[in-house]
$ cat protein32.txt   # compact mmCIF, N, CA and C atoms
# COMPACT_ATOMS: atom_id res chain seq x y z
N MET E 16 0.84 -1.18 0.00
CA MET E 16 0.00 0.00 0.00
C MET E 16 0.88 1.24 0.00
N LYS E 17 0.56 2.18 -0.86
CA LYS E 17 1.29 3.44 -0.92
C LYS E 17 0.67 4.41 0.07
N PHE E 18 1.47 4.94 0.97
CA PHE E 18 0.98 5.88 1.97
C PHE E 18 1.19 7.30 1.50
N THR E 19 0.19 8.12 1.75
CA THR E 19 0.30 9.56 1.48
C THR E 19 0.04 10.27 2.78
N ALA E 20 0.23 11.56 2.81
CA ALA E 20 -0.04 12.33 4.03
C ALA E 20 -1.49 12.15 4.45
N THR E 21 -2.40 12.05 3.49
CA THR E 21 -3.81 11.88 3.80
C THR E 21 -4.07 10.54 4.45
N THR E 22 -3.51 9.45 3.92
CA THR E 22 -3.78 8.13 4.48
C THR E 22 -3.06 7.93 5.80
N MET E 23 -1.92 8.55 5.97
CA MET E 23 -1.16 8.36 7.20
C MET E 23 -1.78 9.09 8.39
N PHE E 24 -2.40 10.23 8.16
CA PHE E 24 -2.86 11.04 9.27
C PHE E 24 -4.38 11.20 9.35
N SER E 25 -5.10 10.50 8.51
CA SER E 25 -6.54 10.58 8.51
C SER E 25 -7.09 9.41 9.34
N ALA E 26 -7.84 9.72 10.38
CA ALA E 26 -8.43 8.69 11.23
C ALA E 26 -9.57 8.00 10.49
N PRO E 27 -9.80 6.71 10.77
CA PRO E 27 -10.93 6.02 10.15
C PRO E 27 -12.24 6.78 10.40
N GLY E 28 -13.04 6.91 9.38
CA GLY E 28 -14.30 7.64 9.51
C GLY E 28 -14.16 9.13 9.32
N THR E 29 -12.96 9.59 8.99
CA THR E 29 -12.70 11.01 8.76
C THR E 29 -12.46 11.23 7.28
N CYS E 30 -13.14 12.18 6.70
CA CYS E 30 -13.03 12.44 5.26
C CYS E 30 -11.59 12.80 4.91
N PRO E 31 -11.02 12.13 3.91
CA PRO E 31 -9.64 12.41 3.52
C PRO E 31 -9.46 13.77 2.84
N ILE E 32 -10.55 14.41 2.44
CA ILE E 32 -10.44 15.71 1.78
C ILE E 32 -10.65 16.86 2.78
N CYS E 33 -11.77 16.86 3.49
CA CYS E 33 -12.08 17.98 4.40
C CYS E 33 -11.76 17.67 5.86
N HIS E 34 -11.49 16.41 6.17
CA HIS E 34 -11.12 15.95 7.51
C HIS E 34 -12.24 16.04 8.54
N GLU E 35 -13.49 16.13 8.07
CA GLU E 35 -14.63 16.09 8.98
C GLU E 35 -15.05 14.65 9.20
N LYS E 36 -15.66 14.40 10.36
CA LYS E 36 -16.13 13.06 10.69
C LYS E 36 -17.28 12.69 9.77
N GLY E 37 -17.21 11.47 9.22
CA GLY E 37 -18.26 10.99 8.34
C GLY E 37 -19.30 10.18 9.08
N GLN E 38 -20.33 9.80 8.36
CA GLN E 38 -21.42 8.99 8.89
C GLN E 38 -21.36 7.63 8.19
N SER E 39 -21.44 6.56 8.95
CA SER E 39 -21.38 5.21 8.40
C SER E 39 -22.46 5.01 7.34
N ILE E 40 -22.11 4.27 6.29
CA ILE E 40 -23.03 4.02 5.17
C ILE E 40 -22.87 2.58 4.73
N THR E 41 -23.94 1.98 4.28
CA THR E 41 -23.86 0.60 3.81
C THR E 41 -23.45 0.55 2.33
N LEU E 42 -22.81 -0.53 1.97
CA LEU E 42 -22.42 -0.74 0.58
C LEU E 42 -23.66 -0.81 -0.31
N GLN E 43 -24.72 -1.40 0.20
CA GLN E 43 -25.97 -1.51 -0.56
C GLN E 43 -26.50 -0.13 -0.93
N THR E 44 -26.54 0.78 0.03
CA THR E 44 -27.02 2.13 -0.25
C THR E 44 -26.12 2.83 -1.25
N MET E 45 -24.81 2.75 -1.04
CA MET E 45 -23.87 3.38 -1.96
C MET E 45 -24.04 2.87 -3.38
N SER E 46 -24.22 1.57 -3.52
CA SER E 46 -24.28 0.98 -4.86
C SER E 46 -25.46 1.49 -5.67
N ILE E 47 -26.47 1.99 -5.02
CA ILE E 47 -27.63 2.55 -5.71
C ILE E 47 -27.28 3.91 -6.33
N HIS E 48 -26.33 4.62 -5.72
CA HIS E 48 -26.08 6.01 -6.09
C HIS E 48 -24.81 6.26 -6.90
N VAL E 49 -23.91 5.29 -6.97
CA VAL E 49 -22.67 5.51 -7.73
C VAL E 49 -22.83 5.07 -9.18
N ASN E 50 -22.09 5.72 -10.06
CA ASN E 50 -22.12 5.37 -11.49
C ASN E 50 -21.51 4.01 -11.75
N ASP E 51 -20.44 3.67 -11.05
CA ASP E 51 -19.70 2.44 -11.34
C ASP E 51 -19.48 1.66 -10.04
N VAL E 52 -20.29 0.65 -9.81
CA VAL E 52 -20.20 -0.13 -8.57
C VAL E 52 -18.89 -0.93 -8.48
N SER E 53 -18.21 -1.10 -9.61
CA SER E 53 -16.95 -1.86 -9.56
C SER E 53 -15.85 -1.11 -8.82
N THR E 54 -16.08 0.16 -8.51
CA THR E 54 -15.09 0.93 -7.76
C THR E 54 -15.22 0.70 -6.25
N LEU E 55 -16.27 -0.01 -5.84
CA LEU E 55 -16.53 -0.24 -4.42
C LEU E 55 -16.00 -1.61 -4.00
N SER E 56 -15.62 -1.72 -2.73
CA SER E 56 -15.09 -2.97 -2.20
C SER E 56 -16.00 -3.52 -1.11
N LYS E 57 -16.39 -4.78 -1.24
CA LYS E 57 -17.24 -5.43 -0.24
C LYS E 57 -16.53 -5.63 1.09
N GLU E 58 -15.22 -5.65 1.07
CA GLU E 58 -14.44 -5.93 2.28
C GLU E 58 -14.12 -4.68 3.10
N LYS E 59 -14.51 -3.52 2.67
CA LYS E 59 -14.13 -2.27 3.34
C LYS E 59 -15.34 -1.59 3.96
N GLU E 60 -15.05 -0.74 4.95
CA GLU E 60 -16.08 0.12 5.54
C GLU E 60 -16.11 1.42 4.76
N TYR E 61 -17.29 2.05 4.74
CA TYR E 61 -17.45 3.32 4.06
C TYR E 61 -18.20 4.31 4.95
N TRP E 62 -17.97 5.58 4.66
CA TRP E 62 -18.64 6.68 5.33
C TRP E 62 -19.10 7.68 4.29
N VAL E 63 -20.08 8.49 4.65
CA VAL E 63 -20.56 9.56 3.78
C VAL E 63 -20.09 10.89 4.37
N CYS E 64 -19.62 11.77 3.52
CA CYS E 64 -19.19 13.11 3.94
C CYS E 64 -20.35 14.06 3.68
N LYS E 65 -20.87 14.67 4.74
CA LYS E 65 -22.00 15.57 4.62
C LYS E 65 -21.58 17.05 4.66
N ASN E 66 -20.28 17.30 4.62
CA ASN E 66 -19.80 18.68 4.57
C ASN E 66 -20.26 19.27 3.23
N PRO E 67 -21.11 20.30 3.26
CA PRO E 67 -21.66 20.85 2.02
C PRO E 67 -20.60 21.35 1.03
N ALA E 68 -19.47 21.81 1.53
CA ALA E 68 -18.43 22.39 0.66
C ALA E 68 -17.46 21.35 0.10
N CYS E 69 -17.49 20.14 0.61
CA CYS E 69 -16.53 19.11 0.20
C CYS E 69 -17.01 18.36 -1.04
N GLU E 70 -16.08 18.05 -1.96
CA GLU E 70 -16.43 17.31 -3.17
C GLU E 70 -16.55 15.81 -2.93
N CYS E 71 -16.13 15.34 -1.77
CA CYS E 71 -16.21 13.92 -1.43
C CYS E 71 -17.64 13.58 -1.01
N VAL E 72 -18.11 12.42 -1.45
CA VAL E 72 -19.42 11.92 -1.02
C VAL E 72 -19.23 10.70 -0.13
N TYR E 73 -18.54 9.67 -0.65
CA TYR E 73 -18.27 8.46 0.11
C TYR E 73 -16.76 8.25 0.19
N PHE E 74 -16.32 7.69 1.30
CA PHE E 74 -14.90 7.39 1.45
C PHE E 74 -14.74 6.18 2.35
N GLY E 75 -13.59 5.60 2.30
CA GLY E 75 -13.27 4.39 3.07
C GLY E 75 -12.46 3.48 2.18
N GLY E 76 -13.11 2.46 1.64
CA GLY E 76 -12.44 1.53 0.73
C GLY E 76 -12.02 2.18 -0.57
N SER E 77 -12.72 3.21 -0.98
CA SER E 77 -12.37 4.01 -2.15
C SER E 77 -12.97 5.39 -1.95
N LEU E 78 -12.62 6.30 -2.80
CA LEU E 78 -13.10 7.68 -2.71
C LEU E 78 -14.12 7.90 -3.82
N VAL E 79 -15.31 8.32 -3.44
CA VAL E 79 -16.38 8.61 -4.40
C VAL E 79 -16.68 10.10 -4.28
N LYS E 80 -16.50 10.80 -5.40
CA LYS E 80 -16.74 12.25 -5.42
C LYS E 80 -18.09 12.55 -6.06
N ILE E 81 -18.49 13.81 -5.98
CA ILE E 81 -19.77 14.26 -6.52
C ILE E 81 -19.97 13.80 -7.96
N ALA E 82 -18.94 13.92 -8.78
CA ALA E 82 -19.02 13.56 -10.20
C ALA E 82 -19.23 12.06 -10.42
N ASP E 83 -18.99 11.25 -9.40
CA ASP E 83 -19.12 9.80 -9.51
C ASP E 83 -20.53 9.29 -9.20
N LEU E 84 -21.45 10.20 -8.87
CA LEU E 84 -22.83 9.81 -8.53
C LEU E 84 -23.73 9.83 -9.75
N ASN E 85 -24.82 9.08 -9.68
CA ASN E 85 -25.79 9.06 -10.76
C ASN E 85 -26.94 10.03 -10.53
N LYS E 86 -26.84 10.82 -9.47
CA LYS E 86 -27.82 11.88 -9.18
C LYS E 86 -27.13 12.96 -8.38
N GLU E 87 -27.75 14.12 -8.29
CA GLU E 87 -27.16 15.22 -7.52
C GLU E 87 -27.36 14.97 -6.02
N PHE E 88 -26.38 15.38 -5.25
CA PHE E 88 -26.44 15.30 -3.79
C PHE E 88 -26.86 16.68 -3.30
N GLY E 89 -28.13 16.82 -3.00
CA GLY E 89 -28.72 18.12 -2.66
C GLY E 89 -28.07 18.84 -1.50
N LEU E 90 -27.43 18.10 -0.59
CA LEU E 90 -26.80 18.76 0.56
C LEU E 90 -25.49 19.43 0.20
N LYS E 91 -24.94 19.14 -0.96
CA LYS E 91 -23.67 19.74 -1.36
C LYS E 91 -23.91 21.12 -1.96
N THR E 92 -23.06 22.06 -1.62
CA THR E 92 -23.16 23.44 -2.07
C THR E 92 -23.20 23.53 -3.59
N SER E 93 -22.46 22.67 -4.26
CA SER E 93 -22.37 22.72 -5.72
C SER E 93 -23.61 22.19 -6.44
N SER E 94 -24.55 21.62 -5.72
CA SER E 94 -25.74 21.07 -6.38
C SER E 94 -26.68 22.19 -6.83
N SER E 95 -27.48 21.89 -7.84
CA SER E 95 -28.40 22.87 -8.41
C SER E 95 -29.64 23.02 -7.53
N PRO E 96 -30.43 24.08 -7.77
CA PRO E 96 -31.69 24.26 -7.03
C PRO E 96 -32.68 23.12 -7.27
N ASP E 97 -32.49 22.36 -8.36
CA ASP E 97 -33.39 21.24 -8.68
C ASP E 97 -32.97 19.93 -8.02
N ALA E 98 -31.88 19.95 -7.27
CA ALA E 98 -31.42 18.73 -6.59
C ALA E 98 -32.36 18.41 -5.43
N ASN E 99 -32.63 17.13 -5.24
CA ASN E 99 -33.51 16.71 -4.15
C ASN E 99 -32.83 16.86 -2.79
N LEU E 100 -33.61 17.26 -1.81
CA LEU E 100 -33.22 17.16 -0.41
C LEU E 100 -33.98 16.00 0.22
N CYS E 101 -35.20 15.78 -0.26
CA CYS E 101 -36.00 14.62 0.14
C CYS E 101 -36.10 13.74 -1.10
N TYR E 102 -35.47 12.57 -1.04
CA TYR E 102 -35.42 11.68 -2.20
C TYR E 102 -36.66 10.80 -2.32
N CYS E 103 -37.37 10.57 -1.23
CA CYS E 103 -38.57 9.73 -1.28
C CYS E 103 -39.74 10.48 -1.91
N PHE E 104 -39.88 11.75 -1.56
CA PHE E 104 -41.04 12.52 -2.01
C PHE E 104 -40.63 13.67 -2.94
N HIS E 105 -39.40 13.64 -3.41
CA HIS E 105 -38.88 14.55 -4.43
C HIS E 105 -39.12 16.03 -4.10
N ILE E 106 -38.62 16.43 -2.96
CA ILE E 106 -38.66 17.85 -2.58
C ILE E 106 -37.27 18.42 -2.82
N THR E 107 -37.20 19.41 -3.69
CA THR E 107 -35.92 19.96 -4.12
C THR E 107 -35.47 21.12 -3.23
N LYS E 108 -34.24 21.54 -3.45
CA LYS E 108 -33.69 22.68 -2.72
C LYS E 108 -34.53 23.93 -2.95
N SER E 109 -35.00 24.12 -4.17
CA SER E 109 -35.79 25.32 -4.49
C SER E 109 -37.20 25.26 -3.91
N GLU E 110 -37.70 24.08 -3.61
CA GLU E 110 -39.05 23.92 -3.09
C GLU E 110 -39.12 23.85 -1.56
N VAL E 111 -38.03 23.46 -0.94
CA VAL E 111 -38.07 23.18 0.50
C VAL E 111 -38.35 24.46 1.31
N CYS E 112 -39.19 24.29 2.33
CA CYS E 112 -39.53 25.39 3.24
C CYS E 112 -39.94 24.76 4.58
N ASP E 113 -40.27 25.59 5.55
CA ASP E 113 -40.63 25.06 6.86
C ASP E 113 -41.81 24.08 6.79
N GLU E 114 -42.75 24.34 5.89
CA GLU E 114 -43.92 23.47 5.75
C GLU E 114 -43.53 22.10 5.19
N SER E 115 -42.38 22.02 4.56
CA SER E 115 -41.93 20.75 3.99
C SER E 115 -41.75 19.68 5.06
N ILE E 116 -41.32 20.09 6.24
CA ILE E 116 -41.11 19.14 7.34
C ILE E 116 -42.43 18.44 7.66
N GLU E 117 -43.48 19.21 7.83
CA GLU E 117 -44.79 18.65 8.15
C GLU E 117 -45.31 17.79 6.99
N LEU E 118 -45.09 18.24 5.76
CA LEU E 118 -45.52 17.48 4.59
C LEU E 118 -44.81 16.13 4.51
N ILE E 119 -43.51 16.14 4.74
CA ILE E 119 -42.74 14.89 4.71
C ILE E 119 -43.20 13.95 5.82
N GLU E 120 -43.36 14.49 7.03
CA GLU E 120 -43.82 13.66 8.15
C GLU E 120 -45.18 13.05 7.85
N ASP E 121 -46.09 13.84 7.28
CA ASP E 121 -47.42 13.35 6.94
C ASP E 121 -47.34 12.23 5.90
N LYS E 122 -46.54 12.44 4.86
CA LYS E 122 -46.40 11.42 3.82
C LYS E 122 -45.74 10.15 4.38
N MET E 123 -44.77 10.33 5.28
CA MET E 123 -44.13 9.16 5.89
C MET E 123 -45.14 8.34 6.69
N ASN E 124 -46.02 9.03 7.41
CA ASN E 124 -47.05 8.34 8.20
C ASN E 124 -48.03 7.58 7.32
N HIS E 125 -48.33 8.11 6.15
CA HIS E 125 -49.30 7.48 5.26
C HIS E 125 -48.69 6.46 4.30
N TYR E 126 -47.51 6.76 3.79
CA TYR E 126 -46.93 5.94 2.72
C TYR E 126 -45.62 5.26 3.10
N GLY E 127 -45.05 5.66 4.22
CA GLY E 127 -43.73 5.15 4.58
C GLY E 127 -42.67 5.87 3.75
N CYS E 128 -41.45 5.42 3.88
CA CYS E 128 -40.37 6.03 3.11
C CYS E 128 -39.31 4.96 2.83
N GLN E 129 -38.40 5.28 1.97
CA GLN E 129 -37.31 4.38 1.61
C GLN E 129 -35.98 5.11 1.72
N CYS E 130 -35.83 5.90 2.77
CA CYS E 130 -34.62 6.71 2.95
C CYS E 130 -33.34 5.87 2.92
N VAL E 131 -33.40 4.69 3.48
CA VAL E 131 -32.22 3.82 3.53
C VAL E 131 -31.67 3.57 2.14
N ASN E 132 -32.54 3.47 1.16
CA ASN E 132 -32.11 3.21 -0.21
C ASN E 132 -32.09 4.47 -1.08
N ARG E 133 -33.06 5.32 -0.94
CA ARG E 133 -33.19 6.47 -1.85
C ARG E 133 -32.28 7.64 -1.49
N ASN E 134 -32.08 7.89 -0.21
CA ASN E 134 -31.27 9.03 0.21
C ASN E 134 -29.79 8.68 0.09
N ILE E 135 -29.02 9.57 -0.46
CA ILE E 135 -27.59 9.34 -0.65
C ILE E 135 -26.88 9.09 0.68
N THR E 136 -27.41 9.65 1.77
CA THR E 136 -26.81 9.44 3.09
C THR E 136 -27.25 8.14 3.73
N GLY E 137 -28.28 7.51 3.19
CA GLY E 137 -28.79 6.27 3.75
C GLY E 137 -29.61 6.46 5.01
N LYS E 138 -29.93 7.70 5.33
CA LYS E 138 -30.69 8.03 6.54
C LYS E 138 -31.87 8.92 6.17
N CYS E 139 -32.77 9.12 7.12
CA CYS E 139 -33.91 10.01 6.93
C CYS E 139 -33.41 11.43 6.68
N CYS E 140 -34.08 12.13 5.80
CA CYS E 140 -33.68 13.47 5.39
C CYS E 140 -34.12 14.58 6.34
N LEU E 141 -35.03 14.31 7.25
CA LEU E 141 -35.64 15.38 8.04
C LEU E 141 -34.63 16.23 8.83
N ASN E 142 -33.70 15.60 9.52
CA ASN E 142 -32.71 16.38 10.27
C ASN E 142 -31.85 17.23 9.35
N ASP E 143 -31.46 16.65 8.21
CA ASP E 143 -30.64 17.41 7.25
C ASP E 143 -31.43 18.58 6.67
N ILE E 144 -32.70 18.39 6.41
CA ILE E 144 -33.53 19.47 5.87
C ILE E 144 -33.68 20.57 6.92
N LYS E 145 -33.88 20.20 8.17
CA LYS E 145 -33.97 21.20 9.24
C LYS E 145 -32.70 22.02 9.34
N LYS E 146 -31.55 21.36 9.27
CA LYS E 146 -30.26 22.07 9.31
C LYS E 146 -30.10 22.96 8.08
N TYR E 147 -30.50 22.45 6.93
CA TYR E 147 -30.42 23.23 5.69
C TYR E 147 -31.26 24.50 5.80
N LEU E 148 -32.49 24.37 6.27
CA LEU E 148 -33.38 25.52 6.41
C LEU E 148 -32.83 26.53 7.42
N ALA E 149 -32.28 26.03 8.51
CA ALA E 149 -31.71 26.93 9.53
C ALA E 149 -30.53 27.72 8.94
N LYS E 150 -29.71 27.03 8.16
CA LYS E 150 -28.55 27.70 7.54
C LYS E 150 -29.01 28.72 6.51
N GLU E 151 -30.02 28.39 5.73
CA GLU E 151 -30.53 29.29 4.70
C GLU E 151 -31.15 30.55 5.30
N SER E 152 -31.70 30.44 6.51
CA SER E 152 -32.35 31.59 7.14
C SER E 152 -31.37 32.50 7.88
N GLU E 153 -30.11 32.09 7.96
CA GLU E 153 -29.10 32.92 8.63
C GLU E 153 -28.80 34.16 7.83
$ encode --input "protein32.txt" --output "structure tokens"
Amino acid sequence: MKFTATTMFSAPGTCPICHEKGQSITLQTMSIHVNDVSTLSKEKEYWVCKNPACECVYFGGSLVKIADLNKEFGLKTSSSPDANLCYCFHITKSEVCDESIELIEDKMNHYGCQCVNRNITGKCCLNDIKKYLAKESE
């Protein structure tokens, strides 16, 4: 293995680009969102980088950047206003507002959701949307 400054000093679960702590992600979820699943390793752990300014999306066994996804990652600063923040009910950055939280909760109660598979983070979008709205209102 070739060591670089990034690999030598980056703690597991820490993004090799922005050095923020990542969130654990399953290979199954990642495989839905990457263009080329052959770049992923079944034997490695992966994390998602939710830093809006970072170009990294997944890291661990390999590095997956924004350009390597088959859809836009709405939480990233570089994504367009048409990028989804809610992947189950297709609520975009340009559409999201405080009422969106109640709408998503209502739809989840009636129809359920598939955040584990549909959301790039593999988790429910509600906390991320709340943080996004709070940041936008600053």
$ residues_around --input "protein32.txt" --residues "Glu70 in chain E" --least-positions-apart "4" --cutoff "8 Å" --atoms "only C-alpha atoms" --output "short mmCIF file (atom, residue, chain, number, x, y, z; two decimals) with N, CA and C atoms, keeping the file's coordinate frame"
data_model
loop_
_atom_site.label_atom_id
_atom_site.label_comp_id
_atom_site.auth_asym_id
_atom_site.auth_seq_id
_atom_site.Cartn_x
_atom_site.Cartn_y
_atom_site.Cartn_z
N ILE E 32 -10.55 14.41 2.44
CA ILE E 32 -10.44 15.71 1.78
C ILE E 32 -10.65 16.86 2.78
N LYS E 80 -16.50 10.80 -5.40
CA LYS E 80 -16.74 12.25 -5.42
C LYS E 80 -18.09 12.55 -6.06
N ILE E 81 -18.49 13.81 -5.98
CA ILE E 81 -19.77 14.26 -6.52
C ILE E 81 -19.97 13.80 -7.96
N LYS E 91 -24.94 19.14 -0.96
CA LYS E 91 -23.67 19.74 -1.36
C LYS E 91 -23.91 21.12 -1.96
#
$ residues_around --input "protein32.txt" --residues "Phe74 in chain E" --least-positions-apart "3" --cutoff "8 Å" --atoms "only C-alpha atoms" --output "list in words"
Cys30, Pro31, Tyr61, Trp62, Val63, Cys64, Cys71, Ser77, Leu78 and Val79 of chain E
$ residues_around --input "protein32.txt" --residues "His48 in chain E" --least-positions-apart "6" --cutoff "7 Å" --atoms "all atoms listed in the file" --output "list in words"
Asp83, Leu84, Asn85, Lys86 and Ile135 of chain E
$ select_by_dssp --input "protein32.txt" --residues "range 16-91 of chain E" --states "strand (DSSP E or B)" --output "PyMOL selection string"
chain E and resi 29+36+38-40+49+61-63+71-75+79-80+84
$ select_by_dssp --input "protein32.txt" --residues "range 45-106 of chain E" --states "alpha helix (DSSP H)" --output "list of chain:residue names"
E:Met45, E:Ser46, E:Ile47, E:His48
$ write_last_selection --input "protein32.txt" --atoms "N, CA and C atoms" --output "short mmCIF file (atom, residue, chain, number, x, y, z; two decimals), in the coordinates of the input"
data_model
loop_
_atom_site.label_atom_id
_atom_site.label_comp_id
_atom_site.auth_asym_id
_atom_site.auth_seq_id
_atom_site.Cartn_x
_atom_site.Cartn_y
_atom_site.Cartn_z
N MET E 45 -24.81 2.75 -1.04
CA MET E 45 -23.87 3.38 -1.96
C MET E 45 -24.04 2.87 -3.38
N SER E 46 -24.22 1.57 -3.52
CA SER E 46 -24.28 0.98 -4.86
C SER E 46 -25.46 1.49 -5.67
N ILE E 47 -26.47 1.99 -5.02
CA ILE E 47 -27.63 2.55 -5.71
C ILE E 47 -27.28 3.91 -6.33
N HIS E 48 -26.33 4.62 -5.72
CA HIS E 48 -26.08 6.01 -6.09
C HIS E 48 -24.81 6.26 -6.90
#
$ closest_residue --input "protein32.txt" --among "E:Asp143, E:Glu120, E:Asp51, E:Glu151" --to "Leu100 in chain E" --atoms "all atoms listed in the file"
E:Asp143
$ atom_distance --input "protein32.txt" --atom1 "atom C of Pro67 in chain E" --atom2 "atom N of Lys146 in chain E"
13.7 Å
$ atom_distance --input "protein32.txt" --atom1 "CA of Cys112 in chain E" --atom2 "CA of Glu153 in chain E"
13.9 Å
$ atom_distance --input "protein32.txt" --atom1 "CA of Leu141 in chain E" --atom2 "CA of Thr107 in chain E"
13.0 Å
$ residues_around --input "protein32.txt" --residues "Ala98 in chain E" --least-positions-apart "6" --cutoff "6.5 Å" --atoms "all atoms listed in the file" --output "PDB file with N, CA and C atoms, in the coordinates of the input"
ATOM      1  N   GLU E  87     -27.750  14.120  -8.290  1.00  0.00           N
ATOM      2  CA  GLU E  87     -27.160  15.220  -7.520  1.00  0.00           C
ATOM      3  C   GLU E  87     -27.360  14.970  -6.020  1.00  0.00           C
ATOM      4  N   PHE E  88     -26.380  15.380  -5.250  1.00  0.00           N
ATOM      5  CA  PHE E  88     -26.440  15.300  -3.790  1.00  0.00           C
ATOM      6  C   PHE E  88     -26.860  16.680  -3.300  1.00  0.00           C
ATOM      7  N   GLY E  89     -28.130  16.820  -3.000  1.00  0.00           N
ATOM      8  CA  GLY E  89     -28.720  18.120  -2.660  1.00  0.00           C
ATOM      9  C   GLY E  89     -28.070  18.840  -1.500  1.00  0.00           C
ATOM     10  N   ILE E 106     -38.620  16.430  -2.960  1.00  0.00           N
ATOM     11  CA  ILE E 106     -38.660  17.850  -2.580  1.00  0.00           C
ATOM     12  C   ILE E 106     -37.270  18.420  -2.820  1.00  0.00           C
ATOM     13  N   THR E 107     -37.200  19.410  -3.690  1.00  0.00           N
ATOM     14  CA  THR E 107     -35.920  19.960  -4.120  1.00  0.00           C
ATOM     15  C   THR E 107     -35.470  21.120  -3.230  1.00  0.00           C
ATOM     16  N   LYS E 108     -34.240  21.540  -3.450  1.00  0.00           N
ATOM     17  CA  LYS E 108     -33.690  22.680  -2.720  1.00  0.00           C
ATOM     18  C   LYS E 108     -34.530  23.930  -2.950  1.00  0.00           C
ATOM     19  N   SER E 109     -35.000  24.120  -4.170  1.00  0.00           N
ATOM     20  CA  SER E 109     -35.790  25.320  -4.490  1.00  0.00           C
ATOM     21  C   SER E 109     -37.200  25.260  -3.910  1.00  0.00           C
TER      22      SER E 109
END
$ closest_residue --input "protein32.txt" --among "E:Val72, E:Val111, E:Cys139, E:Leu148" --to "Gly127 in chain E" --atoms "only C-alpha atoms"
E:Cys139
$ residues_near_point --input "protein32.txt" --point "(-17.0, -1.6, -0.4)" --cutoff "10 Å" --atoms "only C-alpha atoms" --output "PyMOL selection string"
chain E and resi 40-43+45-46+52-61+74-77
$ closest_residue --input "protein32.txt" --among "E:Arg133, E:Pro27, E:Cys33, E:Glu110" --to "Asp97 in chain E" --atoms "only N, CA and C atoms"
E:Glu110
$ residues_around --input "protein32.txt" --residues "range 102-105 of chain E" --least-positions-apart "6" --cutoff "7 Å" --atoms "only C-alpha atoms" --output "PyMOL selection string"
chain E and resi 128-130+133-134
$ closest_residue --input "protein32.txt" --among "E:Ala26, E:Lys145, E:Asp121, E:Thr136" --to "Gln38 in chain E" --atoms "only N, CA and C atoms"
E:Thr136
$ closest_residue --input "protein32.txt" --among "E:Ser39, E:Ala82, E:Asn99, E:Ile47" --to "Lys138 in chain E" --atoms "only C-alpha atoms"
E:Ser39
